[in-house]
Amino acid sequence: MTVITDPKQMFDVAGKTALITGASGAFGMVAARVLAGAGCKLALAAGSADQLDEIASECEAANAEVLRINQRPSDEDACGKMVADTVAKFGRLDILVVASGMNKVALINDMEPETFTSVMDANVTQSWLLARAAAGQMKAQDDGGKIVLVSSARGLLGHPAGYTAYCASKAAVDGITKALGCELGPTGITVNAIAPTVFRSPLTAWMYEDTEKANAVRSGFLARVPKGRLGEPEDLAGPLLFLSSKASDFYTGHILYADGGYTAG
């Protein structure tokens with residue numbers, strides 16, 4: 001039996017190299033700040049050059065070494081290049097966080113098939129391609145690795161207001177997580193997903209306001225949240241550090257719901 005003399009070492013990722021896609025988005029910025037503060041070397045990828053520079057500069061101010069990749073994971077070549085550029089800069093890849101993705105809301109008879117396909121491509125195909133590229137590099141290094149995908153409570157639960165594309169895409173991310181957890185487990189690479197419910201971001205900021213509409217929507221939602229509040233970015237920080245570190249070495253193919261108990265009830 002292993003004696004744990006310093007539990008904090010289990011969460012130590014200092015010196016590790018992490019590639020974060022969607023680094024200028026709400027979850028991507030959380031990931032960048034957490035891993036920068038924990039001492040990781042960061043390859044930050046985002047489509048917006050200005051927003052990428054903003055989060056990269058913030059991480060550099062926290063003494064992190066940062067590579068800026070002004071690119072979206074749009075296809076196989078782009079995903080492969082992100083991994084290759086990371087390795088060219090830092091020599092290896094230890095952690096992949098796929099925080100890129102999208103949602104488009106419309107009732108099924110109002111949604112064009114092309115819209116459905118675009119959501120599936122951004123959330124499912126690109127996650128698969130990034131995991132594929134990262135796994136190839138991590139297997140070549142032959143000392144394990146951490147792949148963290150982003151799912152949602154909507155991968156488990158439906159939604160009455162035009163979420164067919166999003167729910168389907170996140171359910172598929174859950175499937176990829178479980179299948180790759182099984183496939184890559186013997187190599188020492190863990191594959192897990194963080195599945196939040198509503199948390200504060202530019203897209204959800206209106207739900208936190210004291211307005212008649214926000215209060216009505218929030219009240220109905222919170223009736224199903226045992227913790228009695230909406231999520232905050234820091235609620236995602238702990239799960240991310242856990243899934244990126246040695247502390248989660250025995251966890252793979254797991255969907256970690258950061259939802260205040262929403263999916264439990």
# chains A, B, ... in the order shown; residues from 1 in each chain; ligands from 1

call {"tool": "residues_around", "arguments": {"residues": "Thr177 in chain A", "least_positions_apart": "6", "cutoff": "10 Å", "atoms": "only C-alpha atoms", "output": "list of chain:residue names"}}
result
A:Ser127, A:Trp128, A:Ala131, A:Ile147, A:Val148, A:Leu149, A:Val150, A:Ser151, A:Ala171, A:Glu183, A:Thr190, A:Val191, A:Asn192, A:Ala193, A:Thr252, A:Gly253, A:His254, A:Ile255

call {"tool": "write_last_selection", "arguments": {"atoms": "N, CA and C atoms", "output": "tab-separated table (two decimals), in the first residue's frame"}}
result
chain	number	residue	atom	x	y	z
A	127	SER	N	-13.67	17.41	-31.46
A	127	SER	CA	-13.19	16.78	-30.22
A	127	SER	C	-12.49	15.47	-30.53
A	128	TRP	N	-13.09	14.69	-31.43
A	128	TRP	CA	-12.51	13.40	-31.82
A	128	TRP	C	-11.16	13.59	-32.51
A	131	ALA	N	-8.53	14.71	-29.93
A	131	ALA	CA	-8.16	13.57	-29.09
A	131	ALA	C	-7.27	12.60	-29.87
A	147	ILE	N	-6.40	13.67	-21.26
A	147	ILE	CA	-7.28	14.30	-22.24
A	147	ILE	C	-8.58	14.65	-21.52
A	148	VAL	N	-8.94	15.94	-21.57
A	148	VAL	CA	-10.15	16.43	-20.92
A	148	VAL	C	-11.06	17.05	-21.98
A	149	LEU	N	-12.22	16.45	-22.18
A	149	LEU	CA	-13.20	16.99	-23.12
A	149	LEU	C	-14.25	17.78	-22.33
A	150	VAL	N	-15.04	18.57	-23.04
A	150	VAL	CA	-16.10	19.34	-22.39
A	150	VAL	C	-17.45	18.85	-22.89
A	151	SER	N	-18.21	18.29	-21.99
A	151	SER	CA	-19.57	17.85	-22.28
A	151	SER	C	-20.54	18.84	-21.65
A	171	ALA	N	-24.12	14.30	-26.01
A	171	ALA	CA	-24.26	12.86	-25.77
A	171	ALA	C	-23.18	12.10	-26.54
A	183	GLU	N	-10.32	2.43	-24.62
A	183	GLU	CA	-9.30	2.16	-25.62
A	183	GLU	C	-7.90	2.57	-25.17
A	190	THR	N	-5.47	8.95	-19.76
A	190	THR	CA	-6.84	9.01	-19.26
A	190	THR	C	-7.66	9.96	-20.12
A	191	VAL	N	-8.92	9.62	-20.31
A	191	VAL	CA	-9.84	10.46	-21.09
A	191	VAL	C	-11.10	10.66	-20.26
A	192	ASN	N	-11.36	11.90	-19.89
A	192	ASN	CA	-12.52	12.22	-19.07
A	192	ASN	C	-13.18	13.49	-19.61
A	193	ALA	N	-14.40	13.76	-19.14
A	193	ALA	CA	-15.11	14.96	-19.57
A	193	ALA	C	-15.69	15.69	-18.37
A	252	THR	N	-10.95	7.13	-15.70
A	252	THR	CA	-10.97	7.31	-17.15
A	252	THR	C	-12.31	6.88	-17.70
A	253	GLY	N	-12.72	7.53	-18.78
A	253	GLY	CA	-14.05	7.28	-19.33
A	253	GLY	C	-15.15	7.85	-18.45
A	254	HIS	N	-14.81	8.84	-17.64
A	254	HIS	CA	-15.73	9.36	-16.63
A	254	HIS	C	-16.30	10.71	-17.06
A	255	ILE	N	-17.60	10.92	-16.82
A	255	ILE	CA	-18.24	12.21	-17.05
A	255	ILE	C	-18.45	12.86	-15.68

call {"tool": "residues_around", "arguments": {"residues": "Thr21 in chain A", "least_positions_apart": "6", "cutoff": "6 Å", "atoms": "only C-alpha atoms", "output": "list in words"}}
result
Ala45, Val98, Ala99 and Ser100 of chain A

call {"tool": "write_last_selection", "arguments": {"atoms": "all heavy atoms", "output": "JSON list (two decimals), in the first residue's frame"}}
result
[["chain", "number", "residue", "atom", "x", "y", "z"],
["A", 45, "ALA", "N", -5.00, 27.94, -28.00],
["A", 45, "ALA", "CA", -5.52, 28.04, -29.36],
["A", 45, "ALA", "C", -6.89, 28.68, -29.36],
["A", 45, "ALA", "O", -7.76, 28.32, -28.56],
["A", 45, "ALA", "CB", -5.60, 26.65, -30.01],
["A", 98, "VAL", "N", -10.06, 20.23, -24.46],
["A", 98, "VAL", "CA", -10.84, 20.66, -25.62],
["A", 98, "VAL", "C", -12.01, 21.51, -25.13],
["A", 98, "VAL", "O", -13.06, 21.00, -24.75],
["A", 98, "VAL", "CB", -11.36, 19.45, -26.43],
["A", 98, "VAL", "CG1", -12.16, 19.93, -27.64],
["A", 98, "VAL", "CG2", -10.20, 18.57, -26.88],
["A", 99, "ALA", "N", -11.80, 22.81, -25.13],
["A", 99, "ALA", "CA", -12.83, 23.74, -24.66],
["A", 99, "ALA", "C", -13.50, 24.47, -25.83],
["A", 99, "ALA", "O", -14.31, 25.37, -25.61],
["A", 99, "ALA", "CB", -12.23, 24.76, -23.70],
["A", 100, "SER", "N", -13.16, 24.10, -27.05],
["A", 100, "SER", "CA", -13.79, 24.69, -28.22],
["A", 100, "SER", "C", -15.12, 23.99, -28.49],
["A", 100, "SER", "O", -15.32, 22.84, -28.12],
["A", 100, "SER", "CB", -12.87, 24.57, -29.43],
["A", 100, "SER", "OG", -12.35, 23.26, -29.54]]

call {"tool": "closest_residue", "arguments": {"among": "A:Asp110, A:Thr164, A:Leu129, A:Leu52", "to": "Gly80 in chain A", "atoms": "only C-alpha atoms"}}
result
A:Leu129

call {"tool": "residues_around", "arguments": {"residues": "Tyr262 in chain A", "least_positions_apart": "2", "cutoff": "7 Å", "atoms": "only C-alpha atoms", "output": "list of chain:residue names"}}
result
A:Arg224, A:Val225, A:Pro226, A:Asp259, A:Gly260, A:Ala264, A:Gly265

call {"tool": "write_last_selection", "arguments": {"atoms": "all heavy atoms", "output": "PDB file, in the first residue's frame"}}
result
ATOM      1  N   ARG A 224     -34.578  22.891  -9.574  1.00  0.00           N
ATOM      2  CA  ARG A 224     -34.020  21.561  -9.806  1.00  0.00           C
ATOM      3  C   ARG A 224     -32.548  21.461  -9.439  1.00  0.00           C
ATOM      4  O   ARG A 224     -31.898  20.450  -9.728  1.00  0.00           O
ATOM      5  CB  ARG A 224     -34.204  21.165 -11.280  1.00  0.00           C
ATOM      6  CG  ARG A 224     -35.636  20.857 -11.655  1.00  0.00           C
ATOM      7  CD  ARG A 224     -35.691  20.173 -13.001  1.00  0.00           C
ATOM      8  NE  ARG A 224     -34.852  18.969 -13.020  1.00  0.00           N
ATOM      9  CZ  ARG A 224     -34.583  18.287 -14.132  1.00  0.00           C
ATOM     10  NH1 ARG A 224     -35.085  18.684 -15.287  1.00  0.00           N
ATOM     11  NH2 ARG A 224     -33.826  17.204 -14.089  1.00  0.00           N
ATOM     12  N   VAL A 225     -31.994  22.503  -8.829  1.00  0.00           N
ATOM     13  CA  VAL A 225     -30.573  22.497  -8.460  1.00  0.00           C
ATOM     14  C   VAL A 225     -30.448  22.430  -6.946  1.00  0.00           C
ATOM     15  O   VAL A 225     -30.698  23.419  -6.252  1.00  0.00           O
ATOM     16  CB  VAL A 225     -29.851  23.750  -8.998  1.00  0.00           C
ATOM     17  CG1 VAL A 225     -28.377  23.719  -8.612  1.00  0.00           C
ATOM     18  CG2 VAL A 225     -30.002  23.850 -10.509  1.00  0.00           C
ATOM     19  N   PRO A 226     -30.060  21.292  -6.381  1.00  0.00           N
ATOM     20  CA  PRO A 226     -29.977  21.160  -4.930  1.00  0.00           C
ATOM     21  C   PRO A 226     -29.098  22.212  -4.256  1.00  0.00           C
ATOM     22  O   PRO A 226     -29.388  22.641  -3.133  1.00  0.00           O
ATOM     23  CB  PRO A 226     -29.392  19.752  -4.743  1.00  0.00           C
ATOM     24  CG  PRO A 226     -29.877  18.997  -5.935  1.00  0.00           C
ATOM     25  CD  PRO A 226     -29.825  19.988  -7.059  1.00  0.00           C
ATOM     26  N   ASP A 259     -22.526  20.543 -11.656  1.00  0.00           N
ATOM     27  CA  ASP A 259     -23.896  21.006 -11.890  1.00  0.00           C
ATOM     28  C   ASP A 259     -24.695  21.284 -10.619  1.00  0.00           C
ATOM     29  O   ASP A 259     -25.907  21.459 -10.676  1.00  0.00           O
ATOM     30  CB  ASP A 259     -24.649  19.999 -12.744  1.00  0.00           C
ATOM     31  CG  ASP A 259     -24.855  18.654 -12.048  1.00  0.00           C
ATOM     32  OD1 ASP A 259     -24.345  18.462 -10.933  1.00  0.00           O
ATOM     33  OD2 ASP A 259     -25.562  17.796 -12.619  1.00  0.00           O
ATOM     34  N   GLY A 260     -24.030  21.316  -9.479  1.00  0.00           N
ATOM     35  CA  GLY A 260     -24.746  21.595  -8.245  1.00  0.00           C
ATOM     36  C   GLY A 260     -25.799  20.560  -7.884  1.00  0.00           C
ATOM     37  O   GLY A 260     -26.705  20.827  -7.101  1.00  0.00           O
ATOM     38  N   ALA A 264     -28.675  14.897 -10.555  1.00  0.00           N
ATOM     39  CA  ALA A 264     -28.927  13.859  -9.553  1.00  0.00           C
ATOM     40  C   ALA A 264     -30.398  13.747  -9.180  1.00  0.00           C
ATOM     41  O   ALA A 264     -30.839  12.739  -8.655  1.00  0.00           O
ATOM     42  CB  ALA A 264     -28.108  14.133  -8.290  1.00  0.00           C
ATOM     43  N   GLY A 265     -31.166  14.813  -9.458  1.00  0.00           N
ATOM     44  CA  GLY A 265     -32.543  14.837  -9.020  1.00  0.00           C
ATOM     45  C   GLY A 265     -33.535  14.471 -10.110  1.00  0.00           C
ATOM     46  O   GLY A 265     -33.170  14.201 -11.229  1.00  0.00           O
TER      47      GLY A 265
END

call {"tool": "closest_residue", "arguments": {"among": "A:Asn109, A:Leu230, A:Pro196, A:Leu203", "to": "Leu256 in chain A", "atoms": "only C-alpha atoms"}}
result
A:Pro196

call {"tool": "closest_residue", "arguments": {"among": "A:Ala135, A:Ala64, A:Val105, A:Leu19", "to": "Leu184 in chain A", "atoms": "only C-alpha atoms"}}
result
A:Ala135

call {"tool": "select_by_dssp", "arguments": {"residues": "range 57-155 of chain A", "states": "strand (DSSP E)", "output": "list in words"}}
result
Val66, Leu67, Arg68, Ile69, Ile95, Leu96, Val97, Val98, Gly145, Lys146, Ile147, Val148, Leu149 and Val150 of chain A

call {"tool": "closest_residue", "arguments": {"among": "A:Gly220, A:Ala106, A:Ala161, A:Ile95", "to": "Ile189 in chain A", "atoms": "only C-alpha atoms"}}
result
A:Ile95

call {"tool": "select_by_dssp", "arguments": {"residues": "range 108-213 of chain A", "states": "helix (DSSP H, G or I)", "output": "PyMOL selection string"}}
result
chain A and resi 108-110+113-141+153-155+164-187+205-208+212-213

call {"tool": "closest_residue", "arguments": {"among": "A:Ala26, A:Leu107, A:Val87, A:Ala46", "to": "Gly162 in chain A", "atoms": "only C-alpha atoms"}}
result
A:Leu107

call {"tool": "residues_around", "arguments": {"residues": "Lys170 in chain A", "least_positions_apart": "3", "cutoff": "9 Å", "atoms": "only C-alpha atoms", "output": "list of chain:residue names"}}
result
A:Met120, A:Asn123, A:Val124, A:Val150, A:Ser151, A:Ser152, A:Ala153, A:Arg154, A:Gly155, A:Leu156, A:Ala165, A:Tyr166, A:Cys167, A:Val173, A:Asp174, A:Gly175, A:Ala195

call {"tool": "residues_around", "arguments": {"residues": "Glu58 in chain A", "least_positions_apart": "6", "cutoff": "12 Å", "atoms": "only C-alpha atoms", "output": "short mmCIF file (atom, residue, chain, number, x, y, z; two decimals) with all heavy atoms, in the first residue's frame"}}
result
data_model
loop_
_atom_site.label_atom_id
_atom_site.label_comp_id
_atom_site.auth_asym_id
_atom_site.auth_seq_id
_atom_site.Cartn_x
_atom_site.Cartn_y
_atom_site.Cartn_z
N ALA A 23 -9.46 28.64 -26.17
CA ALA A 23 -8.86 29.27 -24.98
C ALA A 23 -9.44 30.64 -24.68
O ALA A 23 -9.27 31.14 -23.56
CB ALA A 23 -7.35 29.37 -25.16
N SER A 24 -10.11 31.26 -25.64
CA SER A 24 -10.70 32.57 -25.39
C SER A 24 -12.17 32.47 -24.97
O SER A 24 -12.81 33.48 -24.70
CB SER A 24 -10.58 33.46 -26.64
OG SER A 24 -11.32 32.90 -27.72
N MET A 29 -10.90 29.93 -20.88
CA MET A 29 -10.20 30.91 -20.04
C MET A 29 -10.01 30.39 -18.62
O MET A 29 -8.96 30.61 -18.01
CB MET A 29 -10.93 32.24 -20.05
CG MET A 29 -10.82 32.99 -21.35
SD MET A 29 -11.38 34.72 -21.25
CE MET A 29 -13.14 34.46 -21.05
N VAL A 30 -11.02 29.68 -18.10
CA VAL A 30 -10.88 29.06 -16.79
C VAL A 30 -9.71 28.08 -16.80
O VAL A 30 -8.85 28.08 -15.92
CB VAL A 30 -12.17 28.34 -16.36
CG1 VAL A 30 -11.93 27.50 -15.10
CG2 VAL A 30 -13.30 29.33 -16.14
N ALA A 32 -7.16 27.95 -18.85
CA ALA A 32 -5.88 28.64 -19.01
C ALA A 32 -5.41 29.25 -17.70
O ALA A 32 -4.24 29.12 -17.31
CB ALA A 32 -6.01 29.72 -20.09
N ARG A 33 -6.31 29.90 -16.99
CA ARG A 33 -5.94 30.54 -15.72
C ARG A 33 -5.53 29.52 -14.66
O ARG A 33 -4.55 29.70 -13.94
CB ARG A 33 -7.10 31.39 -15.21
CG ARG A 33 -7.34 32.64 -16.03
CD ARG A 33 -8.69 33.26 -15.75
NE ARG A 33 -8.89 34.48 -16.53
CZ ARG A 33 -10.08 34.92 -16.92
NH1 ARG A 33 -11.18 34.24 -16.59
NH2 ARG A 33 -10.19 36.02 -17.64
N VAL A 34 -6.30 28.43 -14.59
CA VAL A 34 -6.01 27.40 -13.59
C VAL A 34 -4.66 26.75 -13.86
O VAL A 34 -3.81 26.61 -12.96
CB VAL A 34 -7.12 26.34 -13.57
CG1 VAL A 34 -6.70 25.12 -12.74
CG2 VAL A 34 -8.40 26.92 -13.01
N ALA A 36 -2.21 27.80 -15.79
CA ALA A 36 -1.11 28.77 -15.69
C ALA A 36 -0.71 28.96 -14.23
O ALA A 36 0.47 28.92 -13.88
CB ALA A 36 -1.52 30.10 -16.30
N GLY A 37 -1.71 29.13 -13.37
CA GLY A 37 -1.44 29.31 -11.95
C GLY A 37 -0.81 28.10 -11.31
O GLY A 37 -0.09 28.21 -10.31
N LEU A 42 1.82 26.48 -21.52
CA LEU A 42 0.54 26.49 -22.20
C LEU A 42 0.65 26.77 -23.69
O LEU A 42 1.31 27.73 -24.11
CB LEU A 42 -0.37 27.56 -21.58
CG LEU A 42 -0.70 27.44 -20.10
CD1 LEU A 42 -1.56 28.61 -19.67
CD2 LEU A 42 -1.40 26.12 -19.82
N LEU A 44 -2.08 27.87 -26.21
CA LEU A 44 -3.45 28.37 -26.20
C LEU A 44 -3.91 28.59 -27.63
O LEU A 44 -3.28 29.34 -28.39
CB LEU A 44 -3.55 29.67 -25.41
CG LEU A 44 -3.09 29.61 -23.96
CD1 LEU A 44 -3.25 30.98 -23.29
CD2 LEU A 44 -3.85 28.55 -23.18
N GLN A 51 -8.75 38.24 -28.63
CA GLN A 51 -9.13 37.57 -27.39
C GLN A 51 -8.05 36.58 -26.95
O GLN A 51 -7.80 36.41 -25.76
CB GLN A 51 -10.47 36.86 -27.58
CG GLN A 51 -11.63 37.83 -27.76
CD GLN A 51 -12.94 37.12 -28.04
OE1 GLN A 51 -12.96 36.00 -28.56
NE2 GLN A 51 -14.04 37.76 -27.70
N LEU A 52 -7.41 35.93 -27.92
CA LEU A 52 -6.31 35.02 -27.60
C LEU A 52 -5.17 35.77 -26.94
O LEU A 52 -4.60 35.32 -25.94
CB LEU A 52 -5.83 34.32 -28.88
CG LEU A 52 -4.59 33.44 -28.74
CD1 LEU A 52 -4.82 32.31 -27.76
CD2 LEU A 52 -4.18 32.90 -30.12
N ALA A 64 3.52 32.14 -16.64
CA ALA A 64 3.42 30.94 -17.48
C ALA A 64 4.11 31.19 -18.82
O ALA A 64 4.05 32.29 -19.37
CB ALA A 64 1.96 30.58 -17.71
N GLU A 65 4.74 30.15 -19.34
CA GLU A 65 5.30 30.20 -20.69
C GLU A 65 4.17 29.84 -21.65
O GLU A 65 3.53 28.80 -21.50
CB GLU A 65 6.46 29.21 -20.82
CG GLU A 65 7.24 29.35 -22.11
CD GLU A 65 8.46 28.46 -22.16
OE1 GLU A 65 8.75 27.79 -21.13
OE2 GLU A 65 9.12 28.41 -23.22
N VAL A 66 3.92 30.70 -22.65
CA VAL A 66 2.73 30.57 -23.47
C VAL A 66 3.07 30.57 -24.96
O VAL A 66 3.86 31.40 -25.43
CB VAL A 66 1.72 31.70 -23.19
CG1 VAL A 66 0.49 31.58 -24.10
CG2 VAL A 66 1.29 31.69 -21.72
#

call {"tool": "residues_around", "arguments": {"residues": "Ala43 in chain A", "least_positions_apart": "2", "cutoff": "8 Å", "atoms": "only C-alpha atoms", "output": "list in words"}}
result
Thr17, Ala18, Leu19, Ile20, Lys41, Ala45, Val66, Leu67, Arg68, Ile69 and Thr86 of chain A

call {"tool": "write_last_selection", "arguments": {"atoms": "N, CA, C and O atoms", "output": "mmCIF file, in the first residue's frame"}}
result
data_model
loop_
_atom_site.group_PDB
_atom_site.id
_atom_site.type_symbol
_atom_site.label_atom_id
_atom_site.label_comp_id
_atom_site.auth_asym_id
_atom_site.auth_seq_id
_atom_site.Cartn_x
_atom_site.Cartn_y
_atom_site.Cartn_z
ATOM 1 N N THR A 17 3.043 20.284 -19.961
ATOM 2 C CA THR A 17 2.632 21.056 -21.130
ATOM 3 C C THR A 17 1.176 20.759 -21.451
ATOM 4 O O THR A 17 0.793 19.595 -21.617
ATOM 5 N N ALA A 18 0.372 21.820 -21.559
ATOM 6 C CA ALA A 18 -1.054 21.670 -21.835
ATOM 7 C C ALA A 18 -1.432 22.433 -23.101
ATOM 8 O O ALA A 18 -1.034 23.582 -23.289
ATOM 9 N N LEU A 19 -2.208 21.791 -23.947
ATOM 10 C CA LEU A 19 -2.816 22.436 -25.112
ATOM 11 C C LEU A 19 -4.286 22.650 -24.800
ATOM 12 O O LEU A 19 -4.999 21.705 -24.465
ATOM 13 N N ILE A 20 -4.743 23.899 -24.899
ATOM 14 C CA ILE A 20 -6.134 24.252 -24.631
ATOM 15 C C ILE A 20 -6.726 24.860 -25.889
ATOM 16 O O ILE A 20 -6.244 25.900 -26.368
ATOM 17 N N LYS A 41 3.135 24.832 -18.736
ATOM 18 C CA LYS A 41 3.458 25.516 -19.981
ATOM 19 C C LYS A 41 2.222 25.391 -20.867
ATOM 20 O O LYS A 41 1.656 24.301 -20.969
ATOM 21 N N ALA A 45 -5.005 27.940 -28.001
ATOM 22 C CA ALA A 45 -5.523 28.040 -29.361
ATOM 23 C C ALA A 45 -6.891 28.682 -29.357
ATOM 24 O O ALA A 45 -7.761 28.322 -28.557
ATOM 25 N N VAL A 66 3.919 30.699 -22.646
ATOM 26 C CA VAL A 66 2.726 30.565 -23.475
ATOM 27 C C VAL A 66 3.069 30.565 -24.961
ATOM 28 O O VAL A 66 3.862 31.395 -25.430
ATOM 29 N N LEU A 67 2.446 29.646 -25.686
ATOM 30 C CA LEU A 67 2.467 29.638 -27.150
ATOM 31 C C LEU A 67 1.083 30.031 -27.633
ATOM 32 O O LEU A 67 0.082 29.417 -27.240
ATOM 33 N N ARG A 68 0.996 31.049 -28.465
ATOM 34 C CA ARG A 68 -0.267 31.470 -29.053
ATOM 35 C C ARG A 68 -0.494 30.740 -30.367
ATOM 36 O O ARG A 68 0.377 30.768 -31.243
ATOM 37 N N ILE A 69 -1.652 30.109 -30.513
ATOM 38 C CA ILE A 69 -2.025 29.438 -31.761
ATOM 39 C C ILE A 69 -3.334 30.048 -32.232
ATOM 40 O O ILE A 69 -4.408 29.707 -31.720
ATOM 41 N N THR A 86 2.692 22.627 -30.616
ATOM 42 C CA THR A 86 2.909 22.525 -29.168
ATOM 43 C C THR A 86 4.187 21.763 -28.865
ATOM 44 O O THR A 86 5.017 22.184 -28.039
#

call {"tool": "closest_residue", "arguments": {"among": "A:Leu180, A:Val217, A:Val97, A:Phe242", "to": "Met10 in chain A", "atoms": "only C-alpha atoms"}}
result
A:Phe242
